[in-house]
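See below for model-v6.txt, which holds compact mmCIF, C-alpha atoms.
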# COMPACT_ATOMS: atom_id res chain seq x y z
CA MET A 77 -0.26 72.61 85.12
CA PRO A 78 2.98 74.14 86.49
CA GLU A 79 2.61 76.44 89.46
CA THR A 80 2.92 80.17 88.80
CA PRO A 81 6.34 81.24 90.06
CA SER A 82 6.57 83.23 93.26
CA PRO A 83 7.69 86.86 92.82
CA THR A 84 10.40 86.19 95.36
CA SER A 85 11.90 83.36 93.31
CA PRO A 86 15.51 84.13 92.37
CA ASP A 87 15.01 84.58 88.62
CA ILE A 88 11.63 86.13 87.79
CA LEU A 89 12.64 89.76 88.36
CA HIS A 90 16.04 89.35 86.74
CA ASP A 91 14.27 87.80 83.76
CA LEU A 92 11.97 90.85 83.57
CA ILE A 93 14.91 93.24 83.71
CA ASP A 94 16.82 91.31 81.01
CA ALA A 95 13.74 91.21 78.78
CA ALA A 96 13.21 94.96 79.15
CA LEU A 97 16.82 95.69 78.20
CA ARG A 98 16.56 93.41 75.18
CA ALA A 99 13.36 95.22 74.15
CA GLY A 100 15.17 98.57 74.04
CA ALA A 101 15.14 99.96 77.58
CA ASP A 102 18.34 101.64 78.75
CA ALA A 103 17.62 100.86 82.42
CA ALA A 104 14.89 99.16 84.41
CA GLU A 105 13.73 98.26 87.89
CA ALA A 106 11.25 95.58 88.95
CA VAL A 107 9.41 95.23 92.24
CA THR A 108 7.23 92.52 93.72
CA SER A 109 4.94 92.28 96.69
CA GLU A 110 3.62 89.05 98.17
CA GLN A 111 0.94 89.46 100.84
CA ARG A 112 -1.13 87.25 103.10
CA SER A 113 -3.69 88.54 105.56
CA LEU A 114 -6.55 87.30 107.70
CA SER A 115 -9.04 89.66 109.35
CA VAL A 116 -11.99 88.86 111.60
CA GLY A 117 -14.73 91.22 112.79
CA VAL A 118 -17.28 90.72 115.54
CA ARG A 119 -20.25 92.73 116.71
CA ASN A 120 -22.08 92.08 119.98
CA GLY A 121 -20.05 88.94 120.48
CA THR A 122 -21.17 87.45 117.17
CA LEU A 123 -18.94 86.81 114.17
CA GLU A 124 -19.63 89.49 111.56
CA ASP A 125 -17.04 88.98 108.84
CA VAL A 126 -13.93 87.01 107.93
CA GLU A 127 -11.62 88.20 105.19
CA ARG A 128 -8.63 86.30 103.89
CA GLU A 129 -6.35 87.72 101.19
CA GLU A 130 -3.41 86.25 99.35
CA SER A 131 -1.87 88.27 96.55
CA ARG A 132 1.28 88.32 94.43
CA ASP A 133 1.88 91.42 92.35
CA LEU A 134 4.73 92.90 90.37
CA GLY A 135 5.65 96.22 88.84
CA LEU A 136 8.14 97.19 86.16
CA ARG A 137 9.55 100.66 85.45
CA VAL A 138 11.80 101.27 82.44
CA PHE A 139 13.85 104.17 81.16
CA VAL A 140 14.46 104.95 77.50
CA GLY A 141 16.86 107.84 77.52
CA GLN A 142 15.21 110.49 79.71
CA ARG A 143 11.76 108.99 79.25
CA GLN A 144 10.12 106.57 81.70
CA ALA A 145 7.00 104.46 82.06
CA SER A 146 5.72 101.81 84.45
CA VAL A 147 3.19 98.98 84.53
CA SER A 148 1.96 96.51 87.14
CA ALA A 149 0.15 93.17 87.16
CA SER A 150 -1.08 90.41 89.44
CA ASP A 151 -0.86 87.71 86.76
CA LEU A 152 2.73 86.45 86.84
CA SER A 153 2.51 84.01 83.94
CA PRO A 154 5.23 84.12 81.26
CA ALA A 155 2.78 85.37 78.63
CA THR A 156 1.65 88.28 80.82
CA ARG A 157 5.21 89.20 81.71
CA ALA A 158 6.13 89.29 78.02
CA ARG A 159 3.19 91.60 77.28
CA LEU A 160 4.15 93.85 80.17
CA VAL A 161 7.67 94.28 78.87
CA GLU A 162 6.50 95.04 75.35
CA ARG A 163 3.89 97.51 76.56
CA VAL A 164 6.03 99.41 79.05
CA VAL A 165 8.93 99.93 76.63
CA ALA A 166 6.51 101.21 73.99
CA MET A 167 4.96 103.56 76.56
CA ALA A 168 8.35 104.90 77.61
CA ARG A 169 9.28 105.73 74.02
CA LEU A 170 6.16 107.92 73.79
CA ALA A 171 6.50 109.55 77.23
CA PRO A 172 7.70 113.15 77.60
CA GLU A 173 11.34 113.65 78.51
CA ASP A 174 12.16 114.11 82.17
CA PRO A 175 15.72 115.32 82.80
CA TYR A 176 15.60 113.93 86.35
CA ALA A 177 14.28 110.44 85.54
CA ARG A 178 16.88 107.79 86.38
CA LEU A 179 17.79 104.99 88.72
CA ALA A 180 19.43 105.77 92.05
CA ASP A 181 23.13 106.58 92.01
CA VAL A 182 25.19 103.39 92.30
CA ASP A 183 27.27 104.81 95.14
CA ARG A 184 24.10 105.41 97.20
CA LEU A 185 22.79 101.84 96.95
CA ALA A 186 22.51 99.67 100.06
CA ARG A 187 25.15 97.06 99.28
CA ARG A 188 24.78 95.36 102.66
CA PRO A 189 21.16 95.93 103.69
CA HIS A 190 20.46 95.53 107.39
CA SER A 191 18.95 92.09 107.97
CA ASP A 192 18.52 92.18 111.76
CA LEU A 193 15.60 94.60 112.16
CA ALA A 194 13.24 91.93 113.58
CA LEU A 195 10.40 92.90 111.24
CA PHE A 196 8.93 89.42 110.85
CA ASP A 197 7.26 87.30 113.51
CA ALA A 198 6.27 83.83 112.35
CA SER A 199 3.52 83.50 114.96
CA GLU A 200 0.25 82.26 113.52
CA ARG A 201 -3.28 83.15 114.59
CA SER A 202 -6.27 81.19 113.37
CA ALA A 203 -9.61 82.75 112.49
CA ALA A 204 -11.01 81.29 115.71
CA GLU A 205 -8.25 82.90 117.77
CA LEU A 206 -8.76 86.26 116.07
CA GLU A 207 -12.51 86.04 116.67
CA ALA A 208 -12.02 85.26 120.35
CA THR A 209 -9.57 88.13 120.80
CA ALA A 210 -11.82 90.64 119.03
CA ALA A 211 -14.80 89.47 121.08
CA GLU A 212 -12.82 89.85 124.32
CA ALA A 213 -11.85 93.43 123.43
CA GLU A 214 -15.44 94.27 122.53
CA ALA A 215 -16.78 92.74 125.75
CA ALA A 216 -14.33 94.77 127.84
CA ALA A 217 -15.48 97.96 126.11
CA LEU A 218 -19.16 97.14 126.54
CA ALA A 219 -18.58 96.47 130.23
CA ILE A 220 -17.71 100.13 130.85
CA GLU A 221 -20.66 101.91 132.46
CA GLY A 222 -22.25 104.33 130.01
CA VAL A 223 -21.32 102.41 126.85
CA ALA A 224 -24.54 101.77 124.94
CA ARG A 225 -23.57 99.77 121.88
CA SER A 226 -20.73 98.38 119.86
CA GLU A 227 -19.43 99.39 116.48
CA GLY A 228 -17.48 96.17 116.35
CA GLY A 229 -14.18 94.62 117.28
CA HIS A 230 -11.58 93.61 114.70
CA ALA A 231 -8.44 91.51 114.84
CA SER A 232 -6.07 90.70 112.01
CA THR A 233 -2.73 89.24 111.09
CA SER A 234 -0.67 89.84 107.96
CA ALA A 235 2.66 89.08 106.32
CA THR A 236 4.29 90.87 103.40
CA THR A 237 7.45 90.29 101.39
CA TRP A 238 8.87 93.09 99.24
CA ARG A 239 11.63 92.74 96.67
CA LEU A 240 13.38 95.25 94.43
CA VAL A 241 15.77 94.45 91.57
CA THR A 242 17.43 97.00 89.28
CA SER A 243 19.43 96.77 86.10
CA HIS A 244 22.43 98.42 87.75
CA GLY A 245 22.99 95.68 90.27
CA PHE A 246 20.67 96.09 93.24
CA ASP A 247 18.72 93.09 94.56
CA GLY A 248 17.08 93.41 97.97
CA THR A 249 14.30 91.57 99.80
CA TYR A 250 12.70 91.88 103.21
CA SER A 251 9.62 90.55 104.96
CA GLY A 252 7.39 92.06 107.61
CA SER A 253 4.49 90.92 109.75
CA GLY A 254 1.62 92.78 111.38
CA PHE A 255 -0.79 91.98 114.22
CA SER A 256 -3.73 94.31 114.84
CA LEU A 257 -6.55 94.59 117.35
CA GLY A 258 -9.13 97.34 117.68
CA VAL A 259 -12.63 98.10 118.91
CA GLY A 260 -15.10 100.96 118.60
CA VAL A 261 -18.13 101.67 120.79
CA ILE A 262 -20.79 104.32 121.32
CA ALA A 263 -21.57 105.81 124.72
CA GLU A 264 -24.87 107.54 125.43
CA LYS A 265 -25.90 110.24 127.92
CA ASP A 266 -29.18 112.15 127.97
CA GLY A 267 -30.01 110.92 124.49
CA ALA A 268 -26.73 112.15 122.96
CA MET A 269 -24.16 109.67 121.68
CA GLU A 270 -20.39 109.83 121.34
CA ARG A 271 -17.92 107.42 119.74
CA GLY A 272 -14.75 106.10 121.26
CA SER A 273 -12.18 103.62 120.02
CA ASP A 274 -8.79 102.16 120.64
CA GLY A 275 -6.51 99.91 118.63
CA ARG A 276 -2.93 98.90 118.06
CA THR A 277 -0.80 97.37 115.34
CA THR A 278 2.56 95.77 116.07
CA ARG A 279 5.18 93.79 114.17
CA TRP A 280 5.31 91.07 116.81
CA LEU A 281 2.36 89.38 118.43
CA SER A 282 4.00 89.57 121.86
CA ASP A 283 4.08 93.39 121.61
CA LEU A 284 0.31 93.67 121.08
CA PRO A 285 -1.50 94.90 124.24
CA ASP A 286 -3.99 92.49 125.73
CA ALA A 287 -7.57 92.60 124.49
CA ALA A 288 -9.06 93.70 127.82
CA SER A 289 -6.88 96.81 128.05
CA ILE A 290 -7.69 97.87 124.49
CA GLY A 291 -11.41 97.37 125.04
CA THR A 292 -11.40 99.16 128.39
CA GLU A 293 -9.62 102.16 126.88
CA ALA A 294 -12.08 102.35 123.99
CA GLY A 295 -15.02 102.35 126.40
CA ARG A 296 -13.40 104.88 128.70
CA ARG A 297 -12.72 107.27 125.84
CA ALA A 298 -16.29 107.03 124.58
CA VAL A 299 -17.84 107.69 127.97
CA ALA A 300 -15.50 110.59 128.71
CA ARG A 301 -16.73 112.38 125.57
CA THR A 302 -20.44 112.27 126.45
CA GLY A 303 -22.29 115.49 127.21
CA PRO A 304 -20.00 117.82 125.25
CA ARG A 305 -20.51 121.56 125.43
CA LYS A 306 -19.91 124.31 122.93
CA ILE A 307 -17.52 127.07 123.87
CA ALA A 308 -17.29 130.68 122.78
CA SER A 309 -14.60 131.78 120.34
CA THR A 310 -11.47 132.79 122.17
CA THR A 311 -7.68 132.65 122.23
CA ALA A 312 -6.32 130.24 124.82
CA PRO A 313 -3.63 127.65 125.50
CA VAL A 314 -4.16 124.40 123.62
CA ILE A 315 -2.71 120.94 124.32
CA PHE A 316 -2.72 118.33 121.55
CA GLU A 317 -2.88 114.88 123.14
CA ASN A 318 -0.05 112.59 122.03
CA ARG A 319 -2.43 110.49 119.90
CA VAL A 320 -3.24 113.48 117.67
CA ALA A 321 -0.13 115.63 118.10
CA THR A 322 1.50 114.22 114.98
CA GLN A 323 -1.30 115.79 112.91
CA ILE A 324 -0.06 119.30 113.66
CA LEU A 325 3.52 118.21 112.90
CA SER A 326 2.84 116.26 109.69
CA PRO A 327 2.61 119.40 107.48
CA LEU A 328 6.31 119.90 108.25
CA LEU A 329 7.09 116.70 106.39
CA GLY A 330 5.28 117.82 103.25
CA ALA A 331 6.94 121.21 103.48
CA ILE A 332 10.47 119.72 103.54
CA SER A 333 9.77 117.10 100.87
CA GLY A 334 12.22 117.52 98.03
CA THR A 335 9.36 117.50 95.52
CA SER A 336 7.73 120.49 97.25
CA ILE A 337 11.03 122.34 97.49
CA ALA A 338 11.82 121.69 93.82
CA ARG A 339 8.37 122.97 92.80
CA GLY A 340 8.73 126.03 95.02
CA THR A 341 5.45 125.28 96.83
CA SER A 342 6.67 125.07 100.42
CA PHE A 343 6.30 127.55 103.26
CA LEU A 344 9.64 126.26 104.59
CA MET A 345 11.66 126.49 101.38
CA ASP A 346 13.95 129.19 102.83
CA ARG A 347 14.36 127.58 106.27
CA LEU A 348 17.08 124.95 105.75
CA ASN A 349 19.72 125.26 108.50
CA THR A 350 17.49 127.63 110.47
CA ALA A 351 15.26 127.08 113.49
CA VAL A 352 11.80 125.65 112.78
CA LEU A 353 11.16 124.21 116.27
CA PRO A 354 12.16 125.46 119.73
CA ALA A 355 15.71 124.86 120.93
CA GLY A 356 16.13 121.47 122.54
CA MET A 357 13.62 119.69 120.29
CA SER A 358 14.67 117.16 117.67
CA LEU A 359 12.69 115.29 115.03
CA ILE A 360 14.36 111.93 114.44
CA ASP A 361 13.79 109.46 111.60
CA ASP A 362 15.07 105.99 112.40
CA PRO A 363 14.48 103.35 109.69
CA LEU A 364 16.59 100.86 111.66
CA ARG A 365 14.51 100.70 114.83
CA LEU A 366 13.93 97.08 115.84
CA ARG A 367 10.34 95.93 115.21
CA GLY A 368 9.44 99.41 113.96
CA LEU A 369 6.32 99.69 111.82
CA GLY A 370 8.21 101.94 109.41
CA SER A 371 11.56 100.15 109.57
CA THR A 372 13.23 99.07 106.35
CA PRO A 373 16.70 97.86 105.32
CA PHE A 374 16.68 100.11 102.20
CA ASP A 375 14.38 102.68 100.64
CA ASP A 376 12.13 101.99 97.67
CA GLU A 377 14.88 102.84 95.19
CA GLY A 378 17.42 100.59 96.90
CA VAL A 379 19.22 103.51 98.54
CA GLU A 380 20.94 103.00 101.87
CA VAL A 381 18.96 104.26 104.87
CA GLU A 382 20.24 105.60 108.16
CA ARG A 383 19.07 107.25 111.35
CA ARG A 384 18.80 110.99 110.75
CA GLU A 385 17.96 114.02 112.80
CA ILE A 386 15.61 115.81 110.43
CA VAL A 387 15.48 118.62 112.97
CA ALA A 388 18.28 118.84 115.54
CA ASP A 389 18.02 121.15 118.56
CA GLY A 390 15.24 122.99 116.71
CA VAL A 391 17.22 123.52 113.48
CA LEU A 392 16.12 121.97 110.18
CA GLN A 393 18.99 119.80 108.93
CA THR A 394 17.86 118.35 105.60
CA TRP A 395 15.20 118.02 102.96
CA LEU A 396 13.57 114.62 102.42
CA LEU A 397 14.90 113.47 99.05
CA ASN A 398 14.42 110.67 96.57
CA THR A 399 16.63 110.37 93.50
CA ALA A 400 14.57 112.60 91.21
CA SER A 401 14.10 115.48 93.65
CA ALA A 402 17.73 115.27 94.75
CA SER A 403 18.82 115.48 91.12
CA GLN A 404 16.59 118.48 90.54
CA LEU A 405 18.07 120.27 93.56
CA GLY A 406 21.67 119.29 92.81
CA LEU A 407 21.85 117.10 95.93
CA THR A 408 21.93 113.36 96.72
CA SER A 409 19.12 111.11 97.88
CA THR A 410 18.57 110.94 101.64
CA GLY A 411 17.05 107.44 101.42
CA HIS A 412 13.43 108.59 101.63
CA ALA A 413 12.07 107.24 98.34
CA SER A 414 8.66 105.64 98.63
CA ARG A 415 6.74 103.88 95.91
CA GLY A 416 4.07 101.36 95.06
CA LEU A 417 4.18 98.77 92.34
CA ALA A 418 3.77 101.31 89.53
CA GLY A 419 4.69 104.91 88.98
CA PRO A 420 7.73 106.96 89.94
CA SER A 421 8.91 107.26 93.52
CA GLY A 422 7.49 109.71 96.00
CA VAL A 423 8.98 110.75 99.34
CA SER A 424 8.21 109.40 102.80
CA THR A 425 9.79 109.08 106.23
CA HIS A 426 10.27 105.77 108.06
CA ASN A 427 10.02 105.74 111.89
CA LEU A 428 9.70 109.36 112.92
CA HIS A 429 9.42 110.76 116.43
CA LEU A 430 9.69 114.08 118.23
CA THR A 431 11.89 114.01 121.32
CA PRO A 432 9.90 114.38 124.56
CA GLY A 433 10.13 117.04 127.24
CA ASP A 434 9.90 116.61 131.01
CA ARG A 435 6.33 117.81 131.72
CA SER A 436 3.35 115.49 132.09
CA ASN A 437 -0.09 116.40 130.75
CA ALA A 438 -1.11 117.33 134.28
CA ASP A 439 1.94 119.58 134.58
CA MET A 440 1.18 121.27 131.26
CA MET A 441 -2.46 121.86 132.21
CA SER A 442 -1.29 123.28 135.53
CA ASP A 443 1.16 125.57 133.71
CA ALA A 444 -1.52 126.73 131.26
CA GLY A 445 -4.29 127.11 133.84
CA THR A 446 -7.25 127.31 131.46
CA GLY A 447 -7.47 126.04 127.90
CA LEU A 448 -8.37 123.24 125.50
CA MET A 449 -7.12 119.64 125.49
CA ILE A 450 -7.57 118.23 121.97
CA THR A 451 -8.17 114.48 121.70
CA SER A 452 -9.50 114.18 118.14
CA MET A 453 -9.07 116.14 114.93
CA PHE A 454 -10.70 116.15 111.51
CA GLY A 455 -10.72 118.11 108.26
CA PRO A 456 -7.35 119.91 108.55
CA SER A 457 -6.72 122.63 105.98
CA LEU A 458 -3.30 123.98 105.00
CA ASN A 459 -2.06 126.74 102.72
CA ALA A 460 1.17 125.11 101.51
CA ASN A 461 2.67 128.45 100.49
CA THR A 462 2.08 130.36 103.74
CA GLY A 463 1.70 127.72 106.46
CA ASP A 464 -1.75 128.98 107.51
CA TRP A 465 -3.52 126.00 109.08
CA SER A 466 -6.87 125.12 110.63
CA ALA A 467 -8.68 121.97 111.78
CA GLY A 468 -11.90 120.86 113.37
CA VAL A 469 -11.31 119.37 116.81
CA SER A 470 -12.97 118.01 119.91
CA GLY A 471 -11.64 117.30 123.36
CA PHE A 472 -11.88 118.76 126.86
CA TRP A 473 -11.90 122.23 128.35
CA PHE A 474 -9.70 122.49 131.41
CA GLU A 475 -9.76 125.07 134.19
CA GLY A 476 -7.48 125.51 137.17
CA GLY A 477 -5.23 122.86 135.64
CA GLU A 478 -7.98 120.21 135.76
CA LEU A 479 -10.23 118.74 133.07
CA ALA A 480 -13.64 120.42 133.39
CA TYR A 481 -15.94 119.12 130.61
CA PRO A 482 -15.86 117.72 127.06
CA VAL A 483 -16.23 120.10 124.10
CA SER A 484 -17.06 119.58 120.43
CA GLU A 485 -17.70 121.55 117.24
CA VAL A 486 -14.56 123.62 117.67
CA THR A 487 -12.01 124.86 115.13
CA VAL A 488 -8.42 125.84 115.94
CA ALA A 489 -6.26 127.88 113.58
CA GLY A 490 -2.91 129.59 113.24
CA ASN A 491 0.26 129.86 111.22
CA LEU A 492 2.35 126.74 111.69
CA LYS A 493 5.68 128.56 111.62
CA ASP A 494 4.51 130.69 114.55
CA LEU A 495 2.86 127.80 116.39
CA TRP A 496 5.83 125.46 116.11
CA ALA A 497 8.18 128.16 117.40
CA ARG A 498 6.18 128.32 120.66
CA MET A 499 5.33 124.71 121.35
CA VAL A 500 6.28 122.76 124.47
CA ALA A 501 6.66 118.98 124.32
CA GLY A 502 5.28 116.77 127.06
CA SER A 503 6.89 113.68 128.53
CA ASP A 504 4.37 111.11 127.26
CA LEU A 505 6.05 109.90 124.06
CA ASP A 506 4.53 106.51 123.18
CA PHE A 507 5.71 104.49 120.17
CA ARG A 508 2.36 103.41 118.73
CA GLY A 509 2.99 103.80 114.99
CA SER A 510 5.54 104.96 112.44
CA PHE A 511 5.15 108.64 113.48
CA ASN A 512 5.02 109.41 117.19
CA SER A 513 4.98 112.55 119.30
CA PRO A 514 4.46 113.47 122.92
CA SER A 515 1.58 115.78 123.78
CA LEU A 516 2.21 119.36 122.64
CA LEU A 517 1.29 122.61 124.41
CA PHE A 518 0.82 125.89 122.55
CA ASP A 519 0.47 128.99 124.70
CA ALA A 520 -2.08 130.93 122.63
CA VAL A 521 -4.17 129.52 119.78
CA ALA A 522 -7.20 130.99 118.02
CA ILE A 523 -10.26 128.91 118.89
CA ALA A 524 -13.51 129.30 116.95
CA GLY A 525 -16.52 128.01 118.85
CA LYS A 526 -20.20 128.90 118.90
Using structure tokens, write down the structure that the file contains.
Amino acid sequence: MPETPSPTSPDILHDLIDAALRAGADAAEAVTSEQRSLSVGVRNGTLEDVEREESRDLGLRVFVGQRQASVSASDLSPATRARLVERVVAMARLAPEDPYARLADVDRLARRPHSDLALFDASERSAAELEATAAEAEAAALAIEGVARSEGGHASTSATTWRLVTSHGFDGTYSGSGFSLGVGVIAEKDGAMERGSDGRTTRWLSDLPDAASIGTEAGRRAVARTGPRKIASTTAPVIFENRVATQILSPLLGAISGTSIARGTSFLMDRLNTAVLPAGMSLIDDPLRLRGLGSTPFDDEGVEVERREIVADGVLQTWLLNTASASQLGLTSTGHASRGLAGPSGVSTHNLHLTPGDRSNADMMSDAGTGLMITSMFGPSLNANTGDWSAGVSGFWFEGGELAYPVSEVTVAGNLKDLWARMVAGSDLDFRGSFNSPSLLFDAVAIAGK
């Protein structure tokens, strides 16, 4: 029996596009994803699970006039591909008209996609190596005094290849790798238990922190949270630790998404070219950062990407646009299209970071005197039309510029436009993911406690 062709073979996607055009489509785009991953989990030094995945999937989107439809499949046989083409063209003919449905503008396509982003590391890790690394991280966490039990250590490796082909001449492929290590533990004090964890994911194995440091940090964070107190409702300075600071900034991204602006459901829809952050702060999106977790040589519509200052010196410079939202607003795509195998494109950033300030956490606590240091956040709520925001948090109360005791069961709230205008950025920017921020200080935030 002949082997099923790989989705990255040179002809399978072009064949799909040609078949769709012959079946009556006016335009089409086809995408494929080929993935391999291996994940190992341990608990108390004993192997708990091993998961290996290998998948090859494709998606096809077609346009018939101003109508569009999409399908996806994991069976790449010729018979299945023929059925997909027949089905998707029939679906498109029955779909409602969308005046903004189309492929990306030809003059915006990445004709020479960047190929030197160092997104793929060919290093291999066996299941035994992953098990040993996860066990080492877990052991380091359990060795911290006060840690009572493990929630498990996990290590994984993965590789993905993504390809996009369109009927108007784009053909782009890139591969990426991922290496992950994490551990979670529970610390106990006076019968009360608190969780703590740490973990990292990197493109290159050599960039992954050693297992002992990850485990030690997980244990330290768990123990530090034991014995939390409740605090009375008040208004006080609040510092968002750099690990959670992006969560108070992320609503900005939704608010400047072209889809939100086009729908008129954004609390920032009248703020383009005006200040949304304090002077001196910039929010930078860099899809071309070497080894970046969000790096890409082109966006998911084949549009050229570039480093952009989304906010420069506090002033909002641009909306985040894919082809459809740009068309609706009479603008051009900014290279922020994001999509899966099926469905129309959404909008997403790549490698985003807020520029740091010059004050350490200790300096900011000293400046504030008394307040709340937030180290974890859950259940955020946002009114997309007004910017009113709230979230459950836990962390540490500080007094006299020093951490005093852990706190939990607290809610913080405010209007994001007002909060962002008053925030101070710390100096501890750490590139851990695809969205990174230094710690952020806000001078007066409503805190709801007991």
Using only C-alpha atoms, can you tell me which of A:Met441, A:Ala400, A:Leu92, A:Leu134 comes closest to Gln111 in chain A?
A:Leu134
Between CA of Ser251 in chain A and CA of Leu89 in chain A, what is the spacing in Å?
16.9 Å
List every residue of range 374-413 of chain A that has an atom at most 12 Å from any atom of range 327-333 of chain A, giving for each one its closest atom pair and the distance in Å to one decimal, counting only C-alpha atoms, sorted by chain and then by ascending residue number, as CSV.
residue,atom,partner,partner_atom,distance
A:Ile386,CA,A:Ile332,CA,9.4
A:Val387,CA,A:Leu328,CA,10.4
A:Leu392,CA,A:Ile332,CA,9.0
A:Gln393,CA,A:Ile332,CA,10.1
A:Thr394,CA,A:Ile332,CA,7.8
A:Trp395,CA,A:Ile332,CA,5.1
A:Leu396,CA,A:Ser333,CA,4.8
A:Leu397,CA,A:Ser333,CA,6.5
A:Asn398,CA,A:Ser333,CA,9.0
A:Ala400,CA,A:Ser333,CA,11.7
A:Ser401,CA,A:Ser333,CA,8.6
A:Ala402,CA,A:Ser333,CA,10.2
A:Leu405,CA,A:Ser333,CA,11.5
A:Ser409,CA,A:Ser333,CA,11.5
A:Thr410,CA,A:Ser333,CA,10.8
A:His412,CA,A:Ser333,CA,9.3
A:Ala413,CA,A:Ser333,CA,10.4
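Residue neighbourhood of Ala522 in chain A, excluding near-sequence residues (fewer than 2 positions): Ser309, Thr310, Thr311, Ala312, Val488, Ala489, Gly490, Ala520 and Ala524 of chain A, at 8 Å, using all atoms listed in the file.
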Expected file: the selected residues, C-alpha atoms, as a short mmCIF file (atom, residue, chain, number, x, y, z; two decimals), in the coordinates of the input:
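Output file result.cif is given in full below:
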data_model
loop_
_atom_site.label_atom_id
_atom_site.label_comp_id
_atom_site.auth_asym_id
_atom_site.auth_seq_id
_atom_site.Cartn_x
_atom_site.Cartn_y
_atom_site.Cartn_z
CA SER A 309 -14.60 131.78 120.34
CA THR A 310 -11.47 132.79 122.17
CA THR A 311 -7.68 132.65 122.23
CA ALA A 312 -6.32 130.24 124.82
CA VAL A 488 -8.42 125.84 115.94
CA ALA A 489 -6.26 127.88 113.58
CA GLY A 490 -2.91 129.59 113.24
CA ALA A 520 -2.08 130.93 122.63
CA ALA A 524 -13.51 129.30 116.95
#
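For the pair CA of Pro175 in chain A and CA of Gln142 in chain A, the separation is 5.8 Å.
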In the coordinate frame of the file, compute which residues have an atom within 12 Å of (3.1, 96.4, 88.6) when using only C-alpha atoms, and state them as a ChimeraX atom specification.
/A:83,89,92,105-109,132-138,145-152,156-157,160-161,164,240,415-420
Save out the residues we just selected, C-alpha atoms, as an mmCIF file, in the coordinates of the input.
data_model
loop_
_atom_site.group_PDB
_atom_site.id
_atom_site.type_symbol
_atom_site.label_atom_id
_atom_site.label_comp_id
_atom_site.auth_asym_id
_atom_site.auth_seq_id
_atom_site.Cartn_x
_atom_site.Cartn_y
_atom_site.Cartn_z
ATOM 1 C CA PRO A 83 7.690 86.860 92.820
ATOM 2 C CA LEU A 89 12.640 89.760 88.360
ATOM 3 C CA LEU A 92 11.970 90.850 83.570
ATOM 4 C CA GLU A 105 13.730 98.260 87.890
ATOM 5 C CA ALA A 106 11.250 95.580 88.950
ATOM 6 C CA VAL A 107 9.410 95.230 92.240
ATOM 7 C CA THR A 108 7.230 92.520 93.720
ATOM 8 C CA SER A 109 4.940 92.280 96.690
ATOM 9 C CA ARG A 132 1.280 88.320 94.430
ATOM 10 C CA ASP A 133 1.880 91.420 92.350
ATOM 11 C CA LEU A 134 4.730 92.900 90.370
ATOM 12 C CA GLY A 135 5.650 96.220 88.840
ATOM 13 C CA LEU A 136 8.140 97.190 86.160
ATOM 14 C CA ARG A 137 9.550 100.660 85.450
ATOM 15 C CA VAL A 138 11.800 101.270 82.440
ATOM 16 C CA ALA A 145 7.000 104.460 82.060
ATOM 17 C CA SER A 146 5.720 101.810 84.450
ATOM 18 C CA VAL A 147 3.190 98.980 84.530
ATOM 19 C CA SER A 148 1.960 96.510 87.140
ATOM 20 C CA ALA A 149 0.150 93.170 87.160
ATOM 21 C CA SER A 150 -1.080 90.410 89.440
ATOM 22 C CA ASP A 151 -0.860 87.710 86.760
ATOM 23 C CA LEU A 152 2.730 86.450 86.840
ATOM 24 C CA THR A 156 1.650 88.280 80.820
ATOM 25 C CA ARG A 157 5.210 89.200 81.710
ATOM 26 C CA LEU A 160 4.150 93.850 80.170
ATOM 27 C CA VAL A 161 7.670 94.280 78.870
ATOM 28 C CA VAL A 164 6.030 99.410 79.050
ATOM 29 C CA LEU A 240 13.380 95.250 94.430
ATOM 30 C CA ARG A 415 6.740 103.880 95.910
ATOM 31 C CA GLY A 416 4.070 101.360 95.060
ATOM 32 C CA LEU A 417 4.180 98.770 92.340
ATOM 33 C CA ALA A 418 3.770 101.310 89.530
ATOM 34 C CA GLY A 419 4.690 104.910 88.980
ATOM 35 C CA PRO A 420 7.730 106.960 89.940
#
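With only C-alpha atoms as the atoms that count, the residue of A:His429, A:Arg128, A:His90, A:Arg163 with the shortest distance to Phe246 in chain A is A:His90.
Of the residues listed (A:Val259, A:Ala171, A:Met440, A:Val165), A:Val259 shows the shortest atom-to-atom separation from Gly228 in chain A; distances use all atoms listed in the file.
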Atom pair CA of Met357 in chain A / CA of Thr431 in chain A: separation (Å)
6.0 Å
Long-range neighbours of Asn512 in chain A as a PyMOL selection string, 12 Å cut-off, all atoms listed in the file, 5 positions minimum in chain
chain A and resi 317-326+359-362+368-370+425-432+504-507
Residues around (14.5, 95.6, 116.7), cut-off 6 Å, counting all atoms listed in the file - what are they as a PyMOL selection string?
chain A and resi 193-194+365-367
Nearest residue to Gly411 in chain A from the set A:Arg271, A:Arg225, A:Arg239, A:Arg184 (distances using only C-alpha atoms)
A:Arg184
Hey, what's within 10 Å of Trp473 in chain A if we count all atoms listed in the file and toss same-chain stuff fewer than 6 positions away? As a ChimeraX atom specification, please?
/A:304-307,314,446-450,479-484
Next, dump the selected residues to file, keeping only C-alpha atoms, as a compact mmCIF listing (two decimals), in the coordinates of the input.
# COMPACT_ATOMS: atom_id res chain seq x y z
CA PRO A 304 -20.00 117.82 125.25
CA ARG A 305 -20.51 121.56 125.43
CA LYS A 306 -19.91 124.31 122.93
CA ILE A 307 -17.52 127.07 123.87
CA VAL A 314 -4.16 124.40 123.62
CA THR A 446 -7.25 127.31 131.46
CA GLY A 447 -7.47 126.04 127.90
CA LEU A 448 -8.37 123.24 125.50
CA MET A 449 -7.12 119.64 125.49
CA ILE A 450 -7.57 118.23 121.97
CA LEU A 479 -10.23 118.74 133.07
CA ALA A 480 -13.64 120.42 133.39
CA TYR A 481 -15.94 119.12 130.61
CA PRO A 482 -15.86 117.72 127.06
CA VAL A 483 -16.23 120.10 124.10
CA SER A 484 -17.06 119.58 120.43
